[in-house]
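Asks: I'm passing along coords.cif; it holds mmCIF, C-alpha atoms and all ligand atoms.
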```cif
data_my_file
loop_
_atom_site.label_atom_id
_atom_site.label_comp_id
_atom_site.auth_asym_id
_atom_site.auth_seq_id
_atom_site.Cartn_x
_atom_site.Cartn_y
_atom_site.Cartn_z
CA MET A 17 82.49 42.44 79.43
CA ALA A 18 78.88 43.26 78.77
CA ASP A 19 78.65 45.85 75.99
CA GLY A 20 75.23 47.15 76.92
CA HIS A 21 73.33 45.12 74.25
CA GLY A 22 72.86 42.05 76.40
CA LEU A 23 69.80 41.15 78.43
CA SER A 24 70.57 42.66 81.85
CA SER A 25 68.39 40.13 83.61
CA LEU A 26 66.01 37.50 82.37
CA THR A 27 63.13 36.95 84.77
CA SER A 28 60.86 33.99 84.18
CA GLU A 29 58.11 36.46 83.05
CA SER A 30 60.32 38.19 80.48
CA LEU A 31 61.61 34.83 79.23
CA ALA A 32 58.06 33.52 78.83
CA LEU A 33 57.15 36.67 76.91
CA LEU A 34 60.20 36.32 74.68
CA LEU A 35 59.40 32.68 73.91
CA GLU A 36 55.80 33.56 73.15
CA LEU A 37 56.82 36.45 70.92
CA GLY A 38 59.19 34.14 69.07
CA ASP A 39 56.32 31.77 68.30
CA VAL A 40 54.13 34.58 67.01
CA LEU A 41 56.86 36.07 64.84
CA GLU A 42 58.20 32.66 63.75
CA LEU A 43 61.62 33.28 65.25
CA GLY A 44 63.66 30.65 67.06
CA ILE A 45 64.46 31.56 70.70
CA LEU A 46 67.09 29.48 72.46
CA HIS A 47 68.09 30.13 76.05
CA LEU A 48 71.41 28.54 77.14
CA ASP A 49 73.20 28.52 80.49
CA ASP A 50 76.90 29.27 80.87
CA GLN A 51 77.73 25.60 80.14
CA LEU A 52 75.87 25.80 76.79
CA VAL A 53 73.08 23.60 78.12
CA VAL A 54 69.59 24.36 76.77
CA ARG A 55 67.49 25.97 79.53
CA SER A 56 64.50 26.74 77.36
CA CYS A 57 63.47 26.94 73.74
CA ASN A 58 60.29 28.23 72.09
CA ARG A 59 57.83 25.87 70.40
CA TRP A 60 58.63 27.11 66.90
CA LEU A 61 62.33 26.21 67.24
CA ALA A 62 61.71 22.96 69.16
CA ALA A 63 59.42 21.79 66.34
CA VAL A 64 62.13 22.52 63.78
CA ILE A 65 64.94 20.85 65.76
CA ALA A 66 63.10 17.73 66.88
CA PRO A 67 59.55 17.46 65.48
CA GLU A 68 59.02 14.03 67.10
CA SER A 69 60.24 14.70 70.67
CA PRO A 70 60.51 18.41 71.14
CA GLU A 71 61.84 18.14 74.71
CA LEU A 72 65.24 19.75 74.54
CA ASN A 73 65.67 21.37 77.94
CA GLY A 74 68.68 20.10 79.88
CA ARG A 75 70.51 18.88 76.79
CA PRO A 76 73.94 20.34 75.89
CA LEU A 77 73.81 22.26 72.62
CA VAL A 78 76.76 20.40 71.09
CA ASP A 79 75.02 17.06 71.79
CA LEU A 80 72.01 18.30 69.86
CA PHE A 81 74.20 19.65 67.07
CA PRO A 82 77.59 17.85 67.10
CA GLU A 83 78.72 19.74 63.97
CA MET A 84 78.63 23.03 65.92
CA ARG A 85 81.50 21.88 68.13
CA GLY A 86 84.53 24.14 67.69
CA GLY A 87 82.85 26.12 64.88
CA ALA A 88 82.13 29.82 64.44
CA ALA A 89 78.62 29.50 65.90
CA GLU A 90 79.86 27.92 69.14
CA ASP A 91 82.54 30.59 69.26
CA ALA A 92 79.88 33.32 69.00
CA ILE A 93 78.02 31.81 71.96
CA ARG A 94 81.23 31.67 73.99
CA ARG A 95 81.82 35.34 73.16
CA ALA A 96 78.30 36.09 74.43
CA LEU A 97 79.25 34.32 77.64
CA ALA A 98 82.25 36.69 77.77
CA GLY A 99 79.82 39.61 77.47
CA SER A 100 79.56 40.55 73.79
CA THR A 101 76.64 40.51 71.42
CA THR A 102 77.03 39.04 67.93
CA VAL A 103 74.88 39.92 64.93
CA TRP A 104 75.09 36.86 62.70
CA ALA A 105 74.47 38.06 59.15
CA HIS A 106 73.40 35.55 56.54
CA ARG A 107 75.65 37.31 54.03
CA PHE A 108 78.73 36.03 55.84
CA HIS A 109 77.47 32.75 57.38
CA ARG A 110 74.62 30.93 55.66
CA TYR A 111 73.19 29.55 58.93
CA PHE A 112 73.75 29.58 62.69
CA LEU A 113 72.05 26.36 63.85
CA PRO A 114 72.35 23.41 61.43
CA LEU A 115 68.57 23.09 60.94
CA PRO A 116 66.86 21.32 58.03
CA ALA A 117 65.73 23.47 55.10
CA PRO A 118 62.02 24.34 55.17
CA ALA A 119 59.65 22.36 52.93
CA GLY A 120 59.79 23.43 49.28
CA HIS A 121 63.40 24.58 49.50
CA ASP A 122 65.19 21.37 48.63
CA SER A 123 67.96 23.24 46.84
CA PHE A 124 69.26 24.29 50.28
CA SER A 125 70.79 21.68 52.58
CA ARG A 126 70.07 23.87 55.64
CA MET A 127 67.57 26.48 56.75
CA GLN A 128 69.21 29.83 55.86
CA GLN A 129 69.34 32.04 58.95
CA SER A 130 70.25 35.38 60.39
CA ALA A 131 70.76 35.40 64.15
CA ARG A 132 71.55 37.51 67.16
CA ILE A 133 73.42 36.07 70.13
CA LEU A 134 73.10 38.02 73.39
CA PRO A 135 74.64 37.57 76.83
CA VAL A 136 72.22 37.19 79.76
CA MET A 137 73.24 38.95 82.98
CA GLY A 138 72.32 37.90 86.49
CA GLY A 139 73.70 39.44 89.67
CA GLY A 140 76.24 41.48 87.71
CA VAL A 141 77.75 38.51 85.90
CA VAL A 142 76.99 36.72 82.64
CA VAL A 143 74.95 33.64 83.45
CA GLY A 144 73.98 32.48 80.00
CA ALA A 145 73.08 33.47 76.47
CA VAL A 146 69.98 33.87 74.36
CA VAL A 147 70.05 33.09 70.63
CA ILE A 148 67.38 34.59 68.39
CA VAL A 149 67.27 32.88 64.99
CA GLN A 150 65.34 34.08 61.94
CA ASP A 151 64.56 31.82 59.00
CA VAL A 152 65.55 33.76 55.86
CA THR A 153 65.44 30.81 53.42
CA GLU A 154 62.50 32.23 51.47
CA ARG A 155 64.22 35.60 51.01
CA VAL A 156 67.54 34.01 50.03
CA ALA A 157 65.78 31.75 47.50
CA ARG A 158 64.07 34.79 45.97
CA GLU A 159 67.36 36.71 45.81
CA GLU A 160 69.13 33.77 44.20
CA ALA A 161 66.34 33.35 41.63
CA LEU A 162 66.50 37.06 40.87
CA ASN A 163 70.27 36.97 40.43
CA ALA A 164 70.02 33.94 38.17
CA ALA A 165 67.35 35.70 36.06
CA LEU A 166 69.54 38.80 35.86
CA LEU A 167 72.52 36.76 34.74
CA GLN A 168 70.38 35.00 32.14
CA ALA A 169 69.09 38.35 30.85
CA GLU A 170 72.66 39.64 30.58
CA VAL A 171 73.75 36.55 28.70
CA ALA A 172 70.73 36.88 26.38
CA SER A 173 71.47 40.56 25.78
CA GLN A 174 75.09 39.75 25.03
CA ALA A 175 74.01 37.01 22.62
CA LYS A 176 71.65 39.46 20.91
CA SER A 177 74.42 42.03 20.53
CA GLU A 178 76.78 39.45 19.10
CA PHE A 179 74.12 38.18 16.71
CA LEU A 180 73.42 41.74 15.53
CA ALA A 181 77.11 42.38 15.09
CA SER A 182 77.88 39.27 13.11
CA MET A 183 74.78 39.60 10.96
CA SER A 184 75.51 43.24 10.20
CA HIS A 185 79.06 42.31 9.35
CA GLU A 186 77.86 39.64 6.93
CA LEU A 187 75.59 42.18 5.22
CA ARG A 188 78.15 44.96 5.06
CA THR A 189 80.80 43.03 3.17
CA PRO A 190 78.70 42.14 0.10
CA LEU A 191 77.09 45.60 0.11
CA SER A 192 80.50 47.24 0.02
CA ALA A 193 81.35 44.97 -2.89
CA ILE A 194 78.18 46.09 -4.72
CA VAL A 195 79.14 49.75 -4.29
CA GLY A 196 82.70 48.99 -5.40
CA TYR A 197 81.60 47.25 -8.61
CA MET A 198 79.12 50.05 -9.29
CA ASP A 199 82.06 52.46 -9.10
CA LEU A 200 83.95 50.38 -11.63
CA ILE A 201 80.98 50.31 -14.05
CA GLU A 202 80.29 54.02 -13.53
CA GLY A 203 83.94 54.78 -14.28
CA ASP A 204 83.44 53.19 -17.74
CA MET A 205 85.82 50.37 -16.82
CA VAL A 206 83.65 47.84 -18.66
CA GLY A 207 82.57 50.05 -21.54
CA ALA A 208 80.74 53.34 -21.96
CA VAL A 209 77.62 53.71 -19.80
CA PRO A 210 74.59 55.39 -21.44
CA PRO A 211 73.15 58.39 -19.49
CA LEU A 212 69.95 56.71 -18.27
CA GLN A 213 71.87 53.71 -16.97
CA ARG A 214 74.29 56.12 -15.25
CA THR A 215 71.35 57.77 -13.46
CA PHE A 216 70.04 54.40 -12.31
CA LEU A 217 73.52 53.31 -11.24
CA GLY A 218 73.74 56.44 -9.12
CA ARG A 219 70.44 55.57 -7.42
CA VAL A 220 71.52 52.01 -6.72
CA LYS A 221 74.74 53.33 -5.21
CA THR A 222 72.92 55.86 -3.02
CA ALA A 223 70.61 53.16 -1.74
CA ALA A 224 73.51 50.78 -1.08
CA ARG A 225 75.50 53.50 0.73
CA HIS A 226 72.49 54.25 2.89
CA LEU A 227 72.20 50.56 3.78
CA ILE A 228 75.90 50.47 4.64
CA SER A 229 75.55 53.45 6.98
CA VAL A 230 72.54 51.83 8.68
CA ILE A 231 74.58 48.64 9.14
CA GLU A 232 77.56 50.61 10.47
CA GLU A 233 75.23 52.18 13.04
CA ILE A 234 73.88 48.78 14.11
CA LEU A 235 77.43 47.43 14.35
CA THR A 236 78.61 50.31 16.52
CA PHE A 237 75.53 49.97 18.70
CA SER A 238 76.07 46.26 19.26
CA ARG A 239 79.77 46.73 19.99
CA VAL A 240 79.03 49.47 22.52
CA GLU A 241 76.22 47.40 24.10
CA ALA A 242 78.52 44.41 24.43
CA GLY A 243 81.15 46.67 26.06
CA LYS A 244 83.50 45.88 23.19
CA GLU A 245 83.91 49.23 21.51
CA PRO A 246 87.66 49.88 21.61
CA ILE A 247 88.79 53.39 22.54
CA ALA A 248 91.81 54.88 20.78
CA THR A 249 92.92 58.13 22.39
CA GLU A 250 95.03 60.64 20.54
CA THR A 251 95.83 64.33 20.87
CA VAL A 252 93.62 66.29 18.49
CA ASP A 253 92.71 69.85 17.60
CA ALA A 254 89.01 70.12 18.46
CA MET A 255 88.54 73.04 16.04
CA ALA A 256 89.81 70.90 13.16
CA ILE A 257 87.16 68.28 13.94
CA VAL A 258 84.44 70.93 14.12
CA ARG A 259 85.56 72.42 10.80
CA GLU A 260 85.60 68.98 9.17
CA VAL A 261 82.03 68.36 10.29
CA GLU A 262 81.02 71.83 9.09
CA GLU A 263 82.49 71.17 5.65
CA MET A 264 80.75 67.84 5.49
CA PHE A 265 77.30 69.33 6.16
CA MET A 266 77.58 72.70 4.39
CA PRO A 267 76.31 71.38 1.03
CA GLN A 268 73.24 69.82 2.70
CA ALA A 269 72.55 73.04 4.65
CA LEU A 270 72.86 75.13 1.47
CA ARG A 271 70.56 72.75 -0.40
CA LYS A 272 67.89 73.09 2.32
CA GLY A 273 68.42 76.85 2.67
CA ILE A 274 69.33 76.52 6.35
CA ALA A 275 72.12 78.58 7.92
CA LEU A 276 74.80 76.43 9.53
CA GLU A 277 76.52 78.58 12.16
CA ILE A 278 79.71 77.52 13.91
CA SER A 279 81.11 79.24 16.98
CA VAL A 280 84.45 78.22 18.55
CA PRO A 281 86.71 79.75 21.24
CA GLY A 282 89.41 82.27 20.19
CA GLU A 283 92.21 79.95 21.34
CA PRO A 284 93.07 76.51 19.96
CA VAL A 285 91.48 73.67 21.95
CA THR A 286 93.59 70.55 22.26
CA LEU A 287 91.82 67.39 23.38
CA ARG A 288 93.09 63.97 24.32
CA THR A 289 90.19 61.84 23.18
CA ASP A 290 88.97 59.30 20.64
CA ALA A 291 88.59 61.62 17.67
CA THR A 292 86.63 59.13 15.55
CA LYS A 293 83.97 58.78 18.21
CA LEU A 294 83.77 62.51 18.85
CA ARG A 295 83.37 63.09 15.09
CA GLN A 296 80.71 60.37 14.92
CA ILE A 297 78.63 61.98 17.69
CA LEU A 298 78.86 65.45 16.12
CA ILE A 299 77.90 64.00 12.73
CA ASN A 300 74.86 62.30 14.28
CA LEU A 301 73.74 65.45 16.10
CA ILE A 302 74.25 67.91 13.25
CA GLY A 303 72.89 65.36 10.79
CA ASN A 304 69.70 65.08 12.88
CA ALA A 305 69.43 68.85 13.34
CA LEU A 306 69.63 69.39 9.58
CA LYS A 307 67.38 66.43 8.82
CA PHE A 308 64.55 67.56 11.09
CA THR A 309 64.84 71.34 10.51
CA ASP A 310 63.06 72.71 7.45
CA GLU A 311 63.71 76.41 7.99
CA GLY A 312 65.80 78.67 10.18
CA HIS A 313 69.24 77.66 11.35
CA VAL A 314 71.40 75.03 12.96
CA SER A 315 74.30 76.08 15.15
CA LEU A 316 77.24 74.36 16.79
CA GLU A 317 78.93 76.16 19.66
CA MET A 318 82.09 74.79 21.22
CA SER A 319 83.42 75.91 24.62
CA VAL A 320 85.74 74.70 27.33
CA THR A 321 84.93 74.54 31.06
CA GLY A 322 87.41 73.09 33.52
CA ASP A 323 88.22 69.53 32.52
CA ASP A 324 85.45 69.33 29.92
CA ALA A 325 84.88 70.34 26.33
CA CYS A 326 81.30 71.24 25.54
CA PHE A 327 79.53 71.16 22.17
CA VAL A 328 76.03 72.66 21.99
CA ILE A 329 73.99 71.91 18.87
CA ARG A 330 70.85 74.03 18.46
CA ASP A 331 68.23 73.93 15.77
CA THR A 332 64.99 75.70 14.87
CA GLY A 333 63.30 72.42 13.95
CA PRO A 334 59.98 70.98 15.18
CA GLY A 335 61.23 70.26 18.74
CA ILE A 336 60.38 67.21 20.82
CA ASP A 337 57.68 66.97 23.47
CA ASP A 338 58.33 65.94 27.08
CA ALA A 339 57.01 62.39 26.73
CA ASP A 340 59.28 61.72 23.75
CA LEU A 341 62.36 63.34 25.31
CA GLY A 342 62.50 60.41 27.72
CA ARG A 343 62.46 57.89 24.87
CA ILE A 344 64.76 59.22 22.17
CA PHE A 345 67.88 57.77 23.80
CA GLU A 346 66.33 54.31 23.78
CA PRO A 347 67.39 52.11 20.84
CA PHE A 348 65.18 52.02 17.72
CA THR A 349 62.97 54.90 18.90
CA GLN A 350 61.66 57.34 16.35
CA VAL A 351 59.28 59.92 17.68
CA ASP A 352 57.15 60.74 14.73
CA GLN A 353 56.09 57.88 12.54
CA SER A 354 55.14 60.21 9.70
CA LEU A 355 58.50 62.03 9.95
CA ARG A 356 60.19 58.68 10.00
CA ARG A 357 58.82 57.89 6.59
CA THR A 358 59.99 61.17 5.07
CA LYS A 359 63.22 61.62 7.05
CA GLY A 360 64.56 58.07 7.24
CA GLY A 361 66.93 56.80 9.94
CA THR A 362 67.32 53.84 12.24
CA GLY A 363 66.52 55.30 15.65
CA LEU A 364 70.01 54.31 16.76
CA GLY A 365 71.88 57.60 16.27
CA LEU A 366 71.07 59.11 19.68
CA PRO A 367 71.44 55.92 21.78
CA VAL A 368 74.81 55.28 20.12
CA SER A 369 75.83 58.92 20.57
CA ARG A 370 74.98 58.95 24.25
CA ARG A 371 76.84 55.70 24.90
CA LEU A 372 79.86 57.01 22.97
CA ALA A 373 79.72 60.24 25.01
CA HIS A 374 79.92 58.11 28.19
CA LEU A 375 82.95 56.32 26.71
CA LEU A 376 84.53 59.73 26.13
CA GLY A 377 84.12 60.54 29.82
CA GLY A 378 81.10 62.78 29.35
CA ASP A 379 77.40 62.80 28.58
CA LEU A 380 74.80 63.85 26.04
CA ARG A 381 71.69 65.76 27.12
CA VAL A 382 68.78 67.36 25.33
CA GLU A 383 66.42 70.24 25.96
CA SER A 384 63.50 70.74 23.64
CA ALA A 385 59.85 71.69 23.36
CA PRO A 386 57.42 71.38 20.45
CA GLY A 387 57.79 74.41 18.18
CA ALA A 388 60.83 75.72 20.08
CA GLY A 389 63.60 73.73 18.37
CA SER A 390 66.03 71.37 20.11
CA THR A 391 69.32 71.85 21.94
CA PHE A 392 71.65 68.88 22.33
CA THR A 393 74.60 69.37 24.71
CA LEU A 394 77.56 67.05 24.36
CA VAL A 395 80.20 67.11 27.08
CA VAL A 396 83.45 65.12 26.75
CA ALA A 397 86.54 64.93 28.95
CA ARG A 398 89.40 67.09 27.63
CA ASN A 399 91.90 64.54 28.78
CA LEU A 400 90.56 61.01 28.39
CA GLU A 401 92.57 58.34 30.19
CA PRO A 402 93.65 55.65 27.69
CA VAL A 403 91.63 52.47 28.27
CA PRO A 404 93.17 49.09 27.43
CA VAL A 405 91.16 47.40 24.69
CA SER A 406 89.42 44.25 25.91
CA ALA A 407 91.20 41.07 24.84
CA THR A 408 87.94 39.81 23.31
CA SER A 409 87.24 42.94 21.27
CA SER A 410 88.05 41.11 18.06
CA VAL A 411 84.87 39.02 18.48
CA LEU A 412 82.89 41.96 17.15
CA PRO A 413 84.24 43.27 13.86
CA THR A 414 85.19 46.92 13.43
CA SER A 415 84.83 48.80 10.14
CA ARG A 416 86.62 47.23 7.21
CA THR A 417 86.18 47.75 3.49
CA PRO A 418 86.84 44.78 1.24
CA ASN A 419 89.63 45.13 -1.29
CA LEU A 420 87.80 45.08 -4.61
CA THR A 421 90.72 45.41 -6.95
CA ALA A 422 92.53 42.39 -5.50
P1 LIG B 1 67.15 58.54 13.65
O1 LIG B 1 67.54 59.96 13.42
O2 LIG B 1 67.98 57.57 12.90
O3 LIG B 1 65.68 58.30 13.54
P2 LIG B 1 68.07 59.04 16.35
O4 LIG B 1 68.34 58.12 17.46
O5 LIG B 1 69.19 59.91 15.88
O6 LIG B 1 67.48 58.18 15.18
O7 LIG B 1 66.87 59.98 16.78
C1 LIG B 1 65.71 59.42 17.35
C2 LIG B 1 64.52 60.29 17.14
O8 LIG B 1 64.66 61.49 17.92
C3 LIG B 1 64.35 60.78 15.71
O9 LIG B 1 63.70 59.81 14.92
C4 LIG B 1 63.53 62.04 15.91
O10 LIG B 1 62.17 61.69 16.08
C5 LIG B 1 64.05 62.59 17.24
N1 LIG B 1 65.06 63.64 17.01
C6 LIG B 1 66.41 63.49 17.06
N2 LIG B 1 67.04 64.67 16.84
C7 LIG B 1 66.07 65.58 16.64
C8 LIG B 1 66.05 66.99 16.35
N3 LIG B 1 67.19 67.69 16.24
N4 LIG B 1 64.84 67.60 16.22
C9 LIG B 1 63.70 66.90 16.36
N5 LIG B 1 63.64 65.57 16.62
C10 LIG B 1 64.79 64.93 16.76
#
```
Turn this file's structure into structure tokens for me.
Replies:
Amino acid sequence: MADGHGLSSLTSESLALLLELGDVLELGILHLDDQLVVRSCNRWLAAVIAPESPELNGRPLVDLFPEMRGGAAEDAIRRALAGSTTVWAHRFHRYFLPLPAPAGHDSFSRMQQSARILPVMGGGVVVGAVVIVQDVTERVAREEALNAALLQAEVASQAKSEFLASMSHELRTPLSAIVGYMDLIEGDMVGAVPPLQRTFLGRVKTAARHLISVIEEILTFSRVEAGKEPIATETVDAMAIVREVEEMFMPQALRKGIALEISVPGEPVTLRTDATKLRQILINLIGNALKFTDEGHVSLEMSVTGDDACFVIRDTGPGIDDADLGRIFEPFTQVDQSLRRTKGGTGLGLPVSRRLAHLLGGDLRVESAPGAGSTFTLVVARNLEPVPVSATSSVLPTSRTPNLTA
């Protein structure tokens, strides 16, 4: 039965117009009778099918294209003769008519096409079909090139992450050994250490520890980027984590004369999450707040809403302007080059923190303005579904301290 999309009648004028339009728009127009014999064909298509002798009228379609016999394309034409219209999408079938690929597209064996096959009515019955074919080879070639480039970029990014990870790992191991041996010397294990040497030893150790923390950050970043950061969920008391972080930073806050204010709900908050990652994000955020704030206060406020736990970290530091707010979550970005020299850092803390927040089923956002301080809001799921660790996660090393006494 006709479904209303067919051509209700095809007069010789409308057919001529259709054929002409096809030539202008570079579409193939093929008009078949109910025996699948070619009744007419526009010049564009005739030139593609048979450039030497473009006279096709009166020839059965399956003689012109034997490989169409019994295939999906012939079937679509027969369905048109039964009254239905078919939209032939390139996504599902690469071509309708087995035509040669256009010049310059040798990687394709056939011209890639989309098509529409319509019944033609005459006197209330279906008397034939019209096929409209569009050459989409150029578009498909562009899409394939784009996909290949995307794949290549992904492979390159993966290789970069793995290189970063293995290099950082190679650096971390000897650095940890340096710190370990410094500890032994400092502990008078190889004889008494004079005071000046002890001071210098302390400085070497501080520098080495700083390098280790930078390397740890690069390692975490590359593992997260490569999608290989394992998640270990456990049931934890959120307040205990907040208190731990508070204790860790209190000496620094006191030294700088900055008030560190903590506010938590009256009831215990139990979370099912990866506690190490949550701790790491809070350490990054409070560490930054204290690092960039020279007077005033830094606060951490924890609350619970629905399925989420929320941690808001506010500071009275210099703030960040609009242009920089968009960049600080990009790797290796440090807003103020002069601050960078005095404050140190890798520019990886925030990108890592945001990616970890996503892994914890939440997000990390910032609001800030120059002179008005900064507010970082971390949201994590209260009940994180355990995620199976990828079988390849061992490719990128996780933290490990060498055994120095062995
Ligand atoms: P790092 O602190 O190692 O430089 P981050 O990724 O943690 O790297 O931060 C990126 C940049 O964002 C910082 O260098 C700083 O310019 C800016 N920034 C982060 N936190 C704050 C803050 N609380 N106040 C002002 N600027 C900040």
Asks: Please indicate the distance in Å from CA of Ser123 (chain A) to CA of Val146 (chain A), rounded to one decimal place.
Replies: 29.6 Å
Asks: Produce as a VMD selection string the set of residues near ligand LIG 1 (chain B), where near means within 9 Å with only C-alpha atoms and all ligand atoms considered.
Replies: chain A and resid 230 300 to 309 329 to 336 340 to 341 343 to 353 355 to 356 359 to 369 384 386 389 to 392
Asks: Might you pull out every residue within 12 Å of Ile201 (chain A), with all atoms listed in the file counted and same-chain residues fewer than 4 positions away left off, and present them as a ChimeraX atom specification?
Replies: /A:194-197,205-210,213-214,216-218,221
Asks: Mind dumping a table of every region 79-156 of chain A residue within 12 Å of region 46-59 of chain A, with the nearest atom pair and its distance in Å to one decimal, using all atoms listed in the file, sorted by chain and rising number, as CSV?
Replies:
```
residue,atom,partner,partner_atom,distance
A:Asp79,CA,A:Val53,CA,9.3
A:Leu80,CA,A:Val54,CA,9.5
A:Phe81,CA,A:Leu52,CA,11.6
A:Met84,CA,A:Leu52,CA,11.6
A:Arg85,CA,A:Leu52,CA,11.0
A:Ala89,CA,A:Leu52,CA,11.8
A:Glu90,CA,A:Leu52,CA,8.9
A:Asp91,CA,A:Leu52,CA,11.1
A:Ala92,CA,A:Leu52,CA,11.5
A:Ile93,CA,A:Leu52,CA,8.0
A:Arg94,CA,A:Leu52,CA,8.4
A:Arg95,CA,A:Asp50,CA,11.0
A:Ala96,CA,A:Asp50,CA,9.5
A:Leu97,CA,A:Asp50,CA,6.4
A:Ala98,CA,A:Asp50,CA,9.7
A:Gly99,CA,A:Asp50,CA,11.3
A:Phe112,CA,A:Leu46,CA,11.8
A:Leu113,CA,A:Leu46,CA,10.4
A:Ala131,CA,A:Leu46,CA,10.8
A:Arg132,CA,A:Leu46,CA,10.6
A:Ile133,CA,A:Leu46,CA,9.4
A:Leu134,CA,A:His47,CA,9.7
A:Pro135,CA,A:Asp50,CA,9.5
A:Val136,CA,A:Asp49,CA,8.8
A:Met137,CA,A:Asp50,CA,10.6
A:Gly138,CA,A:Asp49,CA,11.2
A:Val141,CA,A:Asp50,CA,10.6
A:Val142,CA,A:Asp50,CA,7.7
A:Val143,CA,A:Asp50,CA,5.4
A:Gly144,CA,A:Asp49,CA,4.1
A:Ala145,CA,A:Leu48,CA,5.2
A:Val146,CA,A:His47,CA,4.5
A:Val147,CA,A:Leu46,CA,5.0
A:Ile148,CA,A:Leu46,CA,6.5
A:Val149,CA,A:Leu46,CA,8.2
A:Gln150,CA,A:Leu46,CA,11.6
```
Asks: Could you tell me how far CA of Ala223 (chain A) sits from CA of Asp310 (chain A), in Å to one decimal place?
Replies: 22.9 Å
Asks: Would you fill out region 64-69 of chain A with all heavy atoms and return it as a compact mmCIF listing (two decimals), in the frame of the given file?
Replies:
```txt
# COMPACT_ATOMS: atom_id res chain seq x y z
N VAL A 64 61.21 22.61 64.91
CA VAL A 64 62.13 22.52 63.78
C VAL A 64 63.27 21.56 64.12
O VAL A 64 63.69 20.73 63.31
CB VAL A 64 62.69 23.92 63.41
CG1 VAL A 64 63.72 23.78 62.28
CG2 VAL A 64 61.59 24.86 62.99
N ILE A 65 63.78 21.67 65.38
CA ILE A 65 64.94 20.85 65.76
C ILE A 65 64.54 19.38 65.88
O ILE A 65 65.22 18.48 65.37
CB ILE A 65 65.55 21.34 67.11
CG1 ILE A 65 66.08 22.77 66.98
CG2 ILE A 65 66.67 20.40 67.57
CD1 ILE A 65 66.61 23.37 68.28
N ALA A 66 63.47 19.12 66.61
CA ALA A 66 63.10 17.73 66.88
C ALA A 66 61.58 17.60 66.83
O ALA A 66 60.92 17.60 67.86
CB ALA A 66 63.63 17.31 68.24
N PRO A 67 61.01 17.49 65.63
CA PRO A 67 59.55 17.46 65.48
C PRO A 67 58.90 16.32 66.28
O PRO A 67 57.78 16.46 66.78
CB PRO A 67 59.32 17.27 63.99
CG PRO A 67 60.64 17.48 63.33
CD PRO A 67 61.70 17.34 64.35
N GLU A 68 59.62 15.19 66.43
CA GLU A 68 59.02 14.03 67.10
C GLU A 68 59.00 14.19 68.63
O GLU A 68 58.00 13.96 69.29
CB GLU A 68 59.79 12.74 66.74
CG GLU A 68 59.92 12.49 65.24
CD GLU A 68 58.56 12.42 64.54
OE1 GLU A 68 57.62 11.90 65.15
OE2 GLU A 68 58.45 12.91 63.39
N SER A 69 60.15 14.58 69.20
CA SER A 69 60.24 14.70 70.67
C SER A 69 60.82 16.05 71.03
O SER A 69 62.02 16.18 71.26
CB SER A 69 61.13 13.58 71.22
OG SER A 69 62.38 13.63 70.55
```
